[in-house]
file query-v3.txt (compact mmCIF, C-alpha atoms and all ligand atoms)
# COMPACT_ATOMS: atom_id res chain seq x y z
CA MET A 1441 -27.08 235.49 -64.54
CA LYS A 1442 -27.95 232.20 -66.13
CA THR A 1443 -26.43 229.12 -64.46
CA ILE A 1444 -24.92 226.71 -66.94
CA PRO A 1445 -25.67 223.15 -65.85
CA SER A 1446 -22.62 220.92 -65.57
CA ILE A 1447 -24.80 217.82 -65.46
CA ILE A 1448 -28.00 217.24 -67.41
CA LYS A 1449 -30.04 214.50 -65.82
CA ILE A 1450 -32.03 212.36 -68.21
CA GLY A 1451 -35.05 210.14 -67.67
CA MET A 1452 -36.09 207.47 -70.14
CA LEU A 1453 -39.51 205.93 -70.73
CA GLY A 1454 -39.11 202.39 -72.04
CA CYS A 1455 -36.05 200.20 -72.31
CA GLY A 1456 -36.51 197.83 -75.22
CA VAL A 1457 -34.11 197.33 -78.12
CA VAL A 1458 -33.73 201.06 -78.83
CA GLY A 1459 -33.80 202.21 -75.19
CA GLY A 1460 -31.19 199.60 -74.24
CA SER A 1461 -28.89 200.83 -77.02
CA VAL A 1462 -29.39 204.45 -75.95
CA ALA A 1463 -28.57 203.62 -72.31
CA ARG A 1464 -25.44 201.66 -73.21
CA GLU A 1465 -24.21 204.35 -75.59
CA LEU A 1466 -24.82 207.11 -73.01
CA ALA A 1467 -22.65 205.12 -70.61
CA SER A 1468 -19.88 204.08 -72.98
CA SER A 1469 -19.54 207.33 -74.95
CA GLY A 1470 -20.26 209.58 -71.99
CA ALA A 1471 -17.07 211.64 -72.25
CA ASP A 1472 -17.47 212.37 -75.96
CA LEU A 1473 -21.16 213.18 -75.64
CA ALA A 1474 -20.44 215.48 -72.67
CA ALA A 1475 -17.78 217.33 -74.66
CA ARG A 1476 -20.19 217.75 -77.58
CA ALA A 1477 -23.17 218.76 -75.44
CA GLY A 1478 -21.26 221.03 -73.06
CA ALA A 1479 -22.52 219.17 -69.99
CA LYS A 1480 -22.32 215.67 -68.58
CA LEU A 1481 -25.34 213.60 -69.67
CA GLU A 1482 -26.48 211.30 -66.91
CA LEU A 1483 -29.28 208.76 -67.25
CA THR A 1484 -30.77 208.74 -63.76
CA LYS A 1485 -34.15 207.00 -64.16
CA VAL A 1486 -35.59 204.50 -66.61
CA ALA A 1487 -39.28 203.58 -66.52
CA VAL A 1488 -39.97 199.96 -67.45
CA ARG A 1489 -42.98 197.69 -67.28
CA ASN A 1490 -41.15 195.06 -65.24
CA LEU A 1491 -37.88 195.19 -63.32
CA SER A 1492 -36.12 192.33 -65.12
CA LYS A 1493 -32.40 192.87 -65.73
CA ARG A 1494 -31.39 195.01 -68.71
CA ASP A 1495 -28.00 194.54 -70.28
CA GLY A 1496 -25.77 197.50 -69.50
CA VAL A 1497 -28.41 199.36 -67.45
CA ALA A 1498 -27.92 199.59 -63.67
CA ASP A 1499 -30.80 197.99 -61.73
CA SER A 1500 -30.76 200.98 -59.38
CA ILE A 1501 -32.11 203.36 -62.05
CA LEU A 1502 -34.98 201.13 -63.18
CA THR A 1503 -38.46 201.94 -61.91
CA THR A 1504 -41.98 200.85 -62.77
CA ASP A 1505 -43.26 204.29 -61.74
CA ALA A 1506 -43.16 206.26 -65.03
CA GLU A 1507 -44.85 209.24 -63.40
CA SER A 1508 -41.92 209.62 -61.00
CA VAL A 1509 -39.60 209.97 -64.01
CA VAL A 1510 -41.51 212.75 -65.76
CA THR A 1511 -42.06 214.71 -62.55
CA ASP A 1512 -38.55 214.31 -61.11
CA PRO A 1513 -37.41 217.92 -60.50
CA GLU A 1514 -33.75 217.03 -61.15
CA ILE A 1515 -34.42 215.62 -64.62
CA SER A 1516 -34.47 218.11 -67.47
CA LEU A 1517 -34.63 215.80 -70.50
CA ILE A 1518 -36.94 212.88 -71.16
CA ILE A 1519 -36.34 210.22 -73.81
CA GLU A 1520 -39.52 208.43 -74.80
CA VAL A 1521 -38.95 205.06 -76.46
CA MET A 1522 -41.91 203.13 -75.06
CA GLY A 1523 -44.07 203.55 -78.20
CA GLY A 1524 -47.87 203.45 -78.48
CA ILE A 1525 -50.30 206.27 -77.87
CA GLU A 1526 -51.14 205.88 -74.17
CA PRO A 1527 -49.61 206.25 -71.67
CA ALA A 1528 -46.84 207.82 -73.82
CA ARG A 1529 -48.99 210.86 -74.71
CA GLU A 1530 -49.98 211.58 -71.14
CA LEU A 1531 -46.44 211.08 -69.83
CA ILE A 1532 -44.89 213.34 -72.46
CA LEU A 1533 -47.46 216.08 -71.75
CA LYS A 1534 -46.72 215.77 -68.06
CA ALA A 1535 -42.97 215.94 -68.69
CA ILE A 1536 -43.43 219.07 -70.81
CA ALA A 1537 -45.71 220.66 -68.21
CA ASN A 1538 -42.92 220.02 -65.72
CA GLY A 1539 -40.48 221.98 -67.92
CA LYS A 1540 -38.64 219.04 -69.44
CA SER A 1541 -37.55 218.80 -73.05
CA VAL A 1542 -38.53 215.60 -74.81
CA VAL A 1543 -36.83 213.38 -77.38
CA THR A 1544 -39.19 210.79 -78.80
CA ALA A 1545 -39.15 208.06 -81.44
CA ASN A 1546 -42.94 207.74 -81.37
CA LYS A 1547 -44.24 208.22 -84.94
CA ALA A 1548 -47.79 207.02 -84.22
CA LEU A 1549 -48.14 209.52 -81.38
CA LEU A 1550 -46.71 212.45 -83.37
CA ALA A 1551 -48.86 211.62 -86.39
CA THR A 1552 -52.06 211.65 -84.34
CA HIS A 1553 -51.49 214.04 -81.42
CA GLY A 1554 -48.54 216.04 -82.72
CA ALA A 1555 -50.38 219.36 -82.60
CA ASP A 1556 -51.13 219.05 -78.87
CA LEU A 1557 -47.57 218.04 -78.08
CA TYR A 1558 -45.99 220.84 -80.15
CA ALA A 1559 -48.35 223.40 -78.59
CA ALA A 1560 -47.54 222.21 -75.09
CA ALA A 1561 -43.77 222.31 -75.79
CA GLU A 1562 -44.07 225.80 -77.24
CA LYS A 1563 -46.03 227.03 -74.24
CA ALA A 1564 -43.53 225.53 -71.81
CA GLY A 1565 -40.53 226.81 -73.80
CA VAL A 1566 -38.99 223.36 -74.15
CA ASP A 1567 -37.83 221.22 -77.08
CA LEU A 1568 -39.69 218.36 -78.72
CA TYR A 1569 -37.28 216.45 -80.98
CA TYR A 1570 -38.09 213.31 -82.94
CA GLU A 1571 -35.41 212.40 -85.50
CA ALA A 1572 -35.82 208.68 -84.73
CA ALA A 1573 -39.57 208.71 -85.48
CA VAL A 1574 -39.07 208.59 -89.25
CA ALA A 1575 -36.66 206.26 -91.06
CA GLY A 1576 -34.61 205.28 -87.99
CA ALA A 1577 -30.99 206.34 -88.34
CA ILE A 1578 -31.50 208.49 -91.42
CA PRO A 1579 -31.23 212.22 -90.71
CA ILE A 1580 -34.37 213.52 -92.42
CA ILE A 1581 -36.27 215.49 -89.75
CA ARG A 1582 -33.45 217.95 -89.16
CA PRO A 1583 -32.80 218.47 -92.91
CA LEU A 1584 -36.50 219.29 -93.40
CA ARG A 1585 -36.81 221.32 -90.20
CA GLU A 1586 -33.53 223.22 -90.52
CA SER A 1587 -31.20 222.60 -93.49
CA LEU A 1588 -33.91 223.05 -96.17
CA ILE A 1589 -35.85 225.74 -94.31
CA GLY A 1590 -34.79 228.34 -96.89
CA ASP A 1591 -35.97 226.26 -99.84
CA ARG A 1592 -39.39 225.32 -101.22
CA ILE A 1593 -40.11 221.60 -101.20
CA ASN A 1594 -42.48 220.27 -103.85
CA ARG A 1595 -42.44 216.57 -103.18
CA VAL A 1596 -41.15 214.02 -100.70
CA MET A 1597 -41.08 210.34 -101.65
CA GLY A 1598 -39.81 207.72 -99.31
CA ILE A 1599 -39.30 204.06 -98.65
CA VAL A 1600 -39.88 204.37 -94.92
CA ASN A 1601 -40.80 200.83 -93.93
CA GLY A 1602 -38.07 198.22 -93.86
CA THR A 1603 -40.34 195.19 -93.45
CA THR A 1604 -42.29 195.85 -96.64
CA ASN A 1605 -39.18 196.83 -98.57
CA TYR A 1606 -37.57 193.55 -97.55
CA ILE A 1607 -40.65 191.61 -98.72
CA LEU A 1608 -40.93 193.47 -102.04
CA THR A 1609 -37.19 193.04 -102.67
CA LYS A 1610 -37.46 189.28 -102.22
CA MET A 1611 -40.59 189.14 -104.41
CA ASP A 1612 -38.72 191.05 -107.12
CA GLU A 1613 -35.44 189.21 -106.92
CA GLU A 1614 -36.70 185.67 -106.27
CA GLY A 1615 -40.12 185.78 -107.96
CA LEU A 1616 -41.84 184.52 -104.81
CA PRO A 1617 -45.43 185.33 -103.76
CA PHE A 1618 -46.17 187.71 -100.87
CA GLU A 1619 -47.34 185.05 -98.37
CA VAL A 1620 -44.19 182.95 -98.80
CA VAL A 1621 -41.84 185.91 -98.38
CA LEU A 1622 -43.80 187.21 -95.38
CA LYS A 1623 -43.34 183.87 -93.58
CA GLU A 1624 -39.63 183.89 -94.39
CA ALA A 1625 -39.33 187.51 -93.17
CA GLN A 1626 -41.09 186.57 -89.92
CA ALA A 1627 -38.72 183.64 -89.39
CA LEU A 1628 -35.73 185.94 -89.92
CA GLY A 1629 -37.09 188.63 -87.59
CA TYR A 1630 -37.62 191.19 -90.39
CA ALA A 1631 -41.40 191.06 -89.89
CA GLU A 1632 -43.38 190.99 -86.65
CA ALA A 1633 -45.60 188.04 -85.67
CA ASP A 1634 -48.51 190.44 -86.29
CA PRO A 1635 -47.29 192.25 -89.40
CA THR A 1636 -50.44 194.35 -89.92
CA ALA A 1637 -49.00 197.78 -89.11
CA ASP A 1638 -46.18 197.23 -91.60
CA VAL A 1639 -47.82 195.33 -94.47
CA GLU A 1640 -51.01 197.41 -94.44
CA GLY A 1641 -48.95 200.61 -94.63
CA HIS A 1642 -50.01 202.12 -91.27
CA ASP A 1643 -46.45 202.50 -90.00
CA ALA A 1644 -45.43 204.23 -93.25
CA ALA A 1645 -48.57 206.42 -93.13
CA ALA A 1646 -47.62 207.85 -89.73
CA LYS A 1647 -44.15 208.65 -91.07
CA ALA A 1648 -45.64 210.15 -94.26
CA ALA A 1649 -47.83 212.47 -92.18
CA ILE A 1650 -44.82 213.70 -90.21
CA LEU A 1651 -42.75 214.27 -93.36
CA ALA A 1652 -45.61 216.06 -95.14
CA GLY A 1653 -46.25 218.41 -92.22
CA LEU A 1654 -42.58 219.37 -92.08
CA ALA A 1655 -42.09 219.67 -95.84
CA PHE A 1656 -45.14 221.87 -96.41
CA HIS A 1657 -45.34 223.78 -93.12
CA SER A 1658 -48.87 222.55 -92.59
CA ARG A 1659 -50.63 220.31 -90.15
CA VAL A 1660 -50.98 216.77 -91.48
CA THR A 1661 -52.18 213.79 -89.45
CA ALA A 1662 -52.20 210.05 -90.14
CA ASN A 1663 -55.92 210.35 -90.98
CA ASP A 1664 -55.06 212.60 -93.92
CA VAL A 1665 -52.95 209.88 -95.53
CA ALA A 1666 -54.55 207.67 -98.19
CA CYS A 1667 -53.11 204.34 -97.22
CA GLU A 1668 -52.75 201.08 -99.11
CA GLY A 1669 -50.39 198.29 -98.11
CA ILE A 1670 -48.67 195.53 -100.07
CA THR A 1671 -50.91 192.54 -99.28
CA LYS A 1672 -52.56 192.72 -102.72
CA VAL A 1673 -49.30 192.96 -104.67
CA SER A 1674 -49.03 189.66 -106.52
CA ALA A 1675 -46.09 187.82 -108.03
CA GLN A 1676 -47.69 188.59 -111.44
CA ASP A 1677 -47.68 192.35 -110.67
CA VAL A 1678 -44.01 192.15 -109.76
CA ALA A 1679 -43.20 190.14 -112.91
CA THR A 1680 -45.17 192.56 -115.12
CA ALA A 1681 -43.35 195.52 -113.59
CA LYS A 1682 -40.07 193.73 -114.24
CA SER A 1683 -40.88 193.13 -117.89
CA MET A 1684 -41.53 196.88 -118.24
CA GLY A 1685 -38.14 197.75 -116.67
CA LYS A 1686 -39.80 198.73 -113.39
CA VAL A 1687 -39.83 197.64 -109.75
CA ILE A 1688 -42.69 197.85 -107.22
CA LYS A 1689 -41.91 199.68 -103.96
CA LEU A 1690 -44.16 200.76 -101.09
CA ILE A 1691 -43.84 204.51 -101.42
CA ALA A 1692 -44.85 207.19 -98.95
CA GLU A 1693 -45.44 210.26 -101.08
CA ALA A 1694 -46.35 213.81 -100.12
CA LYS A 1695 -46.76 216.43 -102.81
CA ARG A 1696 -48.26 219.86 -103.15
CA SER A 1697 -50.64 221.13 -105.82
CA ASP A 1698 -52.94 224.13 -106.23
CA GLN A 1699 -55.59 222.12 -104.43
CA GLY A 1700 -53.49 221.38 -101.37
CA ILE A 1701 -51.31 218.56 -100.09
CA SER A 1702 -51.75 214.96 -101.22
CA VAL A 1703 -50.23 212.37 -98.94
CA ARG A 1704 -50.33 208.72 -99.79
CA VAL A 1705 -48.79 205.38 -98.96
CA ALA A 1706 -49.20 202.89 -101.80
CA PRO A 1707 -47.32 200.35 -103.88
CA MET A 1708 -45.81 202.20 -106.82
CA MET A 1709 -43.91 201.12 -109.93
CA LEU A 1710 -40.60 202.93 -110.31
CA ASP A 1711 -38.24 202.87 -113.26
CA ARG A 1712 -35.23 200.77 -112.32
CA SER A 1713 -33.12 203.87 -112.88
CA HIS A 1714 -34.96 205.81 -110.16
CA PRO A 1715 -32.74 206.36 -107.09
CA LEU A 1716 -35.34 204.71 -104.83
CA ALA A 1717 -35.37 201.57 -107.00
CA ALA A 1718 -31.87 200.76 -105.76
CA VAL A 1719 -32.98 200.69 -102.11
CA ARG A 1720 -33.00 196.98 -101.28
CA GLU A 1721 -34.03 194.75 -98.39
CA ALA A 1722 -34.78 196.46 -95.06
CA PHE A 1723 -33.08 199.75 -95.95
CA ASN A 1724 -35.01 203.03 -96.04
CA ALA A 1725 -34.52 206.15 -98.14
CA VAL A 1726 -36.22 209.50 -98.52
CA PHE A 1727 -36.12 211.38 -101.82
CA VAL A 1728 -36.82 215.11 -101.67
CA GLU A 1729 -37.52 217.42 -104.61
CA SER A 1730 -37.15 221.11 -103.92
CA GLU A 1731 -36.94 224.29 -105.99
CA GLY A 1732 -33.42 225.28 -105.10
CA ALA A 1733 -31.59 222.13 -104.05
CA GLY A 1734 -33.25 220.00 -106.71
CA GLN A 1735 -33.27 216.30 -105.95
CA LEU A 1736 -31.84 215.00 -102.67
CA MET A 1737 -31.71 211.46 -101.39
CA PHE A 1738 -31.24 210.33 -97.79
CA TYR A 1739 -30.45 206.65 -97.36
CA GLY A 1740 -29.74 204.27 -94.49
CA ARG A 1741 -31.08 201.91 -91.88
CA GLY A 1742 -34.68 202.56 -90.88
CA ALA A 1743 -34.85 200.38 -87.79
CA GLY A 1744 -32.79 198.43 -85.27
CA GLY A 1745 -31.33 199.23 -81.87
CA ALA A 1746 -28.03 200.96 -82.64
CA PRO A 1747 -29.22 202.81 -85.80
CA THR A 1748 -32.32 204.20 -84.10
CA ALA A 1749 -30.32 205.00 -80.95
CA SER A 1750 -27.95 207.05 -83.14
CA ALA A 1751 -30.88 209.31 -84.11
CA VAL A 1752 -32.13 209.49 -80.51
CA LEU A 1753 -28.67 210.42 -79.22
CA GLY A 1754 -28.25 213.07 -81.90
CA ASP A 1755 -31.43 214.68 -80.58
CA VAL A 1756 -30.30 214.26 -76.97
CA VAL A 1757 -27.06 216.15 -77.66
CA ALA A 1758 -28.89 218.85 -79.67
CA VAL A 1759 -31.42 219.38 -76.89
CA ALA A 1760 -28.70 219.29 -74.22
CA ARG A 1761 -26.83 222.03 -76.09
CA HIS A 1762 -29.99 224.15 -75.98
CA ILE A 1763 -30.36 223.54 -72.25
CA VAL A 1764 -26.73 224.59 -71.76
CA ALA A 1765 -27.24 227.69 -73.90
CA GLY A 1766 -30.60 228.52 -72.33
CA SER A 1767 -32.17 228.40 -75.79
CA LYS A 1768 -34.47 226.09 -77.69
CA GLY A 1769 -34.87 224.66 -81.16
CA PRO A 1770 -37.49 225.53 -83.79
CA ALA A 1771 -41.18 225.21 -82.97
CA GLU A 1772 -43.70 223.43 -85.17
CA SER A 1773 -44.05 225.31 -88.45
CA ASP A 1774 -47.62 225.12 -89.72
CA TYR A 1775 -47.98 228.69 -90.96
CA ALA A 1776 -48.57 227.76 -94.63
CA ASP A 1777 -51.72 225.81 -93.75
CA LEU A 1778 -52.03 224.39 -97.29
CA GLY A 1779 -54.85 222.02 -96.42
CA ILE A 1780 -55.38 218.53 -97.77
CA ALA A 1781 -56.28 218.17 -101.46
CA PRO A 1782 -59.69 216.62 -102.10
CA LYS A 1783 -59.77 212.87 -102.59
CA GLY A 1784 -59.80 212.01 -106.30
CA ALA A 1785 -57.85 215.13 -107.29
CA SER A 1786 -54.43 213.53 -107.12
CA ILE A 1787 -52.84 213.13 -110.55
CA THR A 1788 -50.56 210.24 -111.35
CA LYS A 1789 -49.83 207.49 -113.88
CA TYR A 1790 -51.28 204.01 -113.46
CA ALA A 1791 -50.63 200.46 -114.63
CA ILE A 1792 -53.86 198.50 -115.02
CA ARG A 1793 -53.40 194.78 -115.45
CA MET A 1794 -56.39 192.84 -116.74
CA ALA A 1795 -57.28 189.37 -117.90
CA VAL A 1796 -58.95 189.72 -121.30
CA HIS A 1797 -60.61 187.58 -123.92
CA ASP A 1798 -58.23 186.72 -126.73
CA LYS A 1799 -59.93 187.79 -129.96
CA PRO A 1800 -59.70 190.56 -132.55
CA GLY A 1801 -61.02 193.94 -131.42
CA VAL A 1802 -60.28 193.51 -127.72
CA LEU A 1803 -57.47 196.07 -127.66
CA ALA A 1804 -59.56 198.59 -129.61
CA ASN A 1805 -62.42 198.06 -127.19
CA VAL A 1806 -60.22 198.50 -124.13
CA ALA A 1807 -58.58 201.60 -125.62
CA ASN A 1808 -62.03 203.01 -126.23
CA VAL A 1809 -62.94 202.72 -122.53
CA PHE A 1810 -59.83 204.72 -121.59
CA ALA A 1811 -60.61 207.35 -124.26
CA LYS A 1812 -64.19 207.72 -123.04
CA GLU A 1813 -63.01 208.54 -119.50
CA ASP A 1814 -60.39 210.97 -120.84
CA VAL A 1815 -57.46 208.82 -119.69
CA SER A 1816 -54.59 208.79 -122.16
CA ILE A 1817 -52.65 205.56 -122.75
CA GLN A 1818 -48.85 205.58 -122.73
CA THR A 1819 -47.99 201.93 -123.37
CA VAL A 1820 -49.69 198.56 -123.67
CA LEU A 1821 -48.10 195.24 -122.81
CA GLN A 1822 -49.71 191.99 -123.87
CA LYS A 1823 -48.80 188.64 -122.35
CA GLY A 1824 -50.17 185.12 -122.85
CA ARG A 1825 -52.70 183.66 -125.30
CA GLY A 1826 -56.18 182.23 -125.05
CA ASP A 1827 -57.47 181.94 -121.48
CA ALA A 1828 -54.19 183.34 -120.16
CA ALA A 1829 -54.31 186.52 -122.27
CA GLU A 1830 -53.45 189.54 -120.21
CA LEU A 1831 -53.14 193.24 -121.01
CA THR A 1832 -51.29 195.81 -118.93
CA VAL A 1833 -52.07 199.39 -119.86
CA VAL A 1834 -49.84 202.17 -118.52
CA THR A 1835 -51.56 205.53 -118.63
CA HIS A 1836 -50.31 209.05 -118.89
CA ARG A 1837 -51.07 211.21 -115.87
CA ALA A 1838 -54.75 211.03 -114.92
CA THR A 1839 -56.86 212.09 -111.96
CA GLU A 1840 -57.78 209.44 -109.47
CA ALA A 1841 -61.45 210.11 -110.19
CA ASN A 1842 -61.06 209.53 -113.97
CA LEU A 1843 -59.01 206.43 -113.32
CA ALA A 1844 -61.64 205.02 -110.95
CA ALA A 1845 -64.32 205.60 -113.60
CA THR A 1846 -62.13 203.84 -116.19
CA VAL A 1847 -61.60 200.82 -113.94
CA ALA A 1848 -65.33 200.62 -113.19
CA ALA A 1849 -66.10 200.69 -116.94
CA LEU A 1850 -63.40 198.10 -117.69
CA SER A 1851 -64.85 195.76 -115.06
CA LYS A 1852 -68.21 195.89 -116.86
CA SER A 1853 -66.76 195.54 -120.36
CA ASP A 1854 -67.52 192.33 -122.32
CA VAL A 1855 -63.93 191.96 -123.48
CA VAL A 1856 -62.36 192.21 -120.01
CA ARG A 1857 -62.58 189.09 -117.85
CA GLU A 1858 -61.18 190.73 -114.76
CA VAL A 1859 -59.24 193.83 -113.72
CA GLU A 1860 -56.44 192.11 -111.78
CA SER A 1861 -54.62 195.09 -110.35
CA VAL A 1862 -54.21 198.86 -110.47
CA ILE A 1863 -50.81 200.15 -109.40
CA ARG A 1864 -49.53 203.71 -109.49
CA VAL A 1865 -46.55 204.44 -111.70
CA GLU A 1866 -44.00 207.07 -110.71
CA GLY A 1867 -43.45 209.71 -113.34
CA SER A 1868 -44.23 213.38 -112.94
CA ALA A 1869 -43.45 214.50 -116.47
CA SER A 1870 -45.99 212.86 -118.78
N1 LIG B 1901 -41.49 198.41 -88.44
C1 LIG B 1901 -40.74 199.45 -89.06
C2 LIG B 1901 -40.11 198.94 -90.33
C3 LIG B 1901 -39.66 200.04 -88.23
O1 LIG B 1901 -40.33 197.80 -90.74
O2 LIG B 1901 -39.41 199.72 -90.97
C4 LIG B 1901 -40.18 200.93 -87.15
O3 LIG B 1901 -40.91 201.99 -87.67

call {"tool": "encode", "arguments": {"input": "query-v3.txt", "output": "structure tokens"}}
result
Amino acid sequence: MKTIPSIIKIGMLGCGVVGGSVARELASSGADLAARAGAKLELTKVAVRNLSKRDGVADSILTTDAESVVTDPEISLIIEVMGGIEPARELILKAIANGKSVVTANKALLATHGADLYAAAEKAGVDLYYEAAVAGAIPIIRPLRESLIGDRINRVMGIVNGTTNYILTKMDEEGLPFEVVLKEAQALGYAEADPTADVEGHDAAAKAAILAGLAFHSRVTANDVACEGITKVSAQDVATAKSMGKVIKLIAEAKRSDQGISVRVAPMMLDRSHPLAAVREAFNAVFVESEGAGQLMFYGRGAGGAPTASAVLGDVVAVARHIVAGSKGPAESDYADLGIAPKGASITKYAIRMAVHDKPGVLANVANVFAKEDVSIQTVLQKGRGDAAELTVVTHRATEANLAATVAALSKSDVVREVESVIRVEGSAS
């Protein structure tokens, strides 16, 4: 007969902002969490880099020996909130090999070594849960992994990086340039001292890979994601978008086509009426389009101690319930194996902003370049006169390859002084 544990001992790797919140919540809401899980949840060891005091965490459970946490025979659940690839990868694999279920918030690790971790968890018959890895507090992993498992998802679009959404919101609402807003965001603690992972889109790319893999039941890694950040988005781009009734957001998009999955992180112009356009400041949201459910939107806080700890604790209780029941949650689902669509095949609309000479025939000439490359024009916006003359052409849907050829031809054209920017425009219909 199976013995039902009355106490589930938990080890934690890392005790920063999120880990501290998790530890405090496990202590203060212990009775409720125990009632929900069906067993008392006891944090018995926390691996840290140095033994300095942590608010609300007993000194006696802190250790610098992470290995002793993942091999402790009494611990059956490991929370990994240390981040980074190594030693997190090695420690998680060791925990799994020792029969422990794992709850992690580590998007970079899952987006690069997910397959190895899922395989190890499957082999060991334990859970690997990671709700906090994408969009912090927002429940999106479980909806994709469980609630929508009977549906067919066609596209996932998300604002999954709070730092860049904060910056783009300020650029839009206050008309300020990127560099100025970045400095302000750093001063307010919305952006890191080294903002590269956020502003270059790498953080969002890891999250996009995880979402794409789940949505399309296929293996997708961070390397499969075409990634462009927001450092080249200028105040003029934002103003042009505004004058067309649009807003620029850093969008993580995963969609399926006959040629496979396209996953991308890039600045995108959205109509102001699009649900994601209303997501301001550091908030995150994920917009899902599926056959049956239609359009769904998940919205909330994508970072921060308590919000991220909420997602971690949700996983902890779910996994604890499985331990109590002697069961486990769903394994990785990669059966569909859709593959990654070839680069250049992705079809979307574009806004091309260019400085042009101001004389008769320029528009006809520019239109001709688009026609030659088989790219259809939807609208043209002209601003300024003389040396300041500027054209923004919004295309109908075109392949990336045709668009690249158009931009190359425009750059060589006598009537175009410079192609200033090329930004994707959301719009699946035309
Ligand atoms: N740095 C991320 C953000 C949060 O700005 O949203 C953690 O993934």

call {"tool": "closest_residue", "arguments": {"input": "query-v3.txt", "among": "A:Gly1602, A:Gly1784, A:Pro1635, A:Gly1766", "to": "ligand LIG 1901 (chain B)", "atoms": "all atoms listed in the file"}}
result
A:Gly1602

call {"tool": "closest_residue", "arguments": {"input": "query-v3.txt", "among": "A:Val1596, A:Ala1645, A:Ile1447, A:Cys1455", "to": "ligand LIG 1901 (chain B)", "atoms": "only C-alpha atoms and all ligand atoms"}}
result
A:Ala1645

call {"tool": "residues_near_ligand", "arguments": {"input": "query-v3.txt", "ligand": "ligand LIG 1901 (chain B)", "cutoff": "6 Å", "atoms": "all atoms listed in the file", "output": "PDB file with C-alpha atoms, in the coordinates of the input"}}
result
ATOM      1  CA  ASN A1601     -40.800 200.830 -93.930  1.00  0.00           C
ATOM      2  CA  GLY A1602     -38.070 198.220 -93.860  1.00  0.00           C
ATOM      3  CA  THR A1603     -40.340 195.190 -93.450  1.00  0.00           C
ATOM      4  CA  ASP A1638     -46.180 197.230 -91.600  1.00  0.00           C
ATOM      5  CA  GLY A1742     -34.680 202.560 -90.880  1.00  0.00           C
ATOM      6  CA  ALA A1743     -34.850 200.380 -87.790  1.00  0.00           C
TER       7      ALA A1743
END

call {"tool": "residues_around", "arguments": {"input": "query-v3.txt", "residues": "stretch 1703-1709 of chain A", "least_positions_apart": "3", "cutoff": "7 Å", "atoms": "all atoms listed in the file", "output": "list in words"}}
result
Gly1641, Ala1644, Ala1645, Ala1648, Asp1664, Val1665, Ala1666, Cys1667, Glu1668, Gly1669, Ile1670, Ala1681, Lys1686, Val1687, Ile1688, Lys1689, Leu1690, Ile1691, Ala1692, Glu1693, Ala1694, Lys1695, Ile1863, Arg1864, Val1865 and Glu1866 of chain A

call {"tool": "axis_aligned_box", "arguments": {"input": "query-v3.txt", "around": "stretch 1603-1606 of chain A", "padding_each_side": "3 Å", "output": "lines of an AutoDock Vina configuration file"}}
result
center_x = -39.9
center_y = 195.2
center_z = -96.0
size_x = 10.7
size_y = 9.3
size_z = 11.1

call {"tool": "atom_distance", "arguments": {"input": "query-v3.txt", "atom1": "atom CA of A:Leu1608", "atom2": "atom CA of A:Gln1822"}}
result
23.6 Å

call {"tool": "closest_residue", "arguments": {"input": "query-v3.txt", "among": "A:Leu1850, A:Leu1453, A:Tyr1739, A:Phe1656", "to": "A:Arg1595", "atoms": "all atoms listed in the file"}}
result
A:Phe1656

call {"tool": "closest_atom_pairs", "arguments": {"input": "query-v3.txt", "of": "stretch 1494-1541 of chain A", "to": "stretch 1459-1480 of chain A", "cutoff": "8 Å", "atoms": "all atoms listed in the file", "output": "tab-separated table"}}
result
residue	atom	partner	partner_atom	distance
A:Arg1494	CA	A:Gly1460	CA	7.2
A:Asp1495	CA	A:Gly1460	CA	7.2
A:Gly1496	CA	A:Arg1464	CA	5.6
A:Val1497	CA	A:Ala1463	CA	6.5
A:Val1521	CA	A:Gly1459	CA	6.0

call {"tool": "atom_distance", "arguments": {"input": "query-v3.txt", "atom1": "atom CA of A:Ala1555", "atom2": "atom CA of A:Ser1773"}}
result
10.5 Å

call {"tool": "residues_around", "arguments": {"input": "query-v3.txt", "residues": "A:Leu1628", "least_positions_apart": "6", "cutoff": "12 Å", "atoms": "only C-alpha atoms", "output": "number ranges by chain"}}
result
A: 1603, 1606-1607, 1621-1622, 1722

call {"tool": "residues_around", "arguments": {"input": "query-v3.txt", "residues": "A:Val1510", "least_positions_apart": "6", "cutoff": "7 Å", "atoms": "all atoms listed in the file", "output": "PyMOL selection string"}}
result
chain A and resi 1531+1534-1535

call {"tool": "atom_distance", "arguments": {"input": "query-v3.txt", "atom1": "atom CA of A:His1642", "atom2": "atom CA of A:Ile1519"}}
result
23.6 Å

call {"tool": "closest_residue", "arguments": {"input": "query-v3.txt", "among": "A:Ala1845, A:Ala1649, A:Val1457, A:Ala1560", "to": "A:Ile1701", "atoms": "all atoms listed in the file"}}
result
A:Ala1649

call {"tool": "residues_around", "arguments": {"input": "query-v3.txt", "residues": "A:Gly1779", "least_positions_apart": "6", "cutoff": "9 Å", "atoms": "all atoms listed in the file", "output": "PDB file with C-alpha atoms, in the coordinates of the input"}}
result
ATOM      1  CA  SER A1658     -48.870 222.550 -92.590  1.00  0.00           C
ATOM      2  CA  ARG A1659     -50.630 220.310 -90.150  1.00  0.00           C
ATOM      3  CA  VAL A1660     -50.980 216.770 -91.480  1.00  0.00           C
ATOM      4  CA  GLN A1699     -55.590 222.120-104.430  1.00  0.00           C
ATOM      5  CA  GLY A1700     -53.490 221.380-101.370  1.00  0.00           C
ATOM      6  CA  ILE A1701     -51.310 218.560-100.090  1.00  0.00           C
TER       7      ILE A1701
END
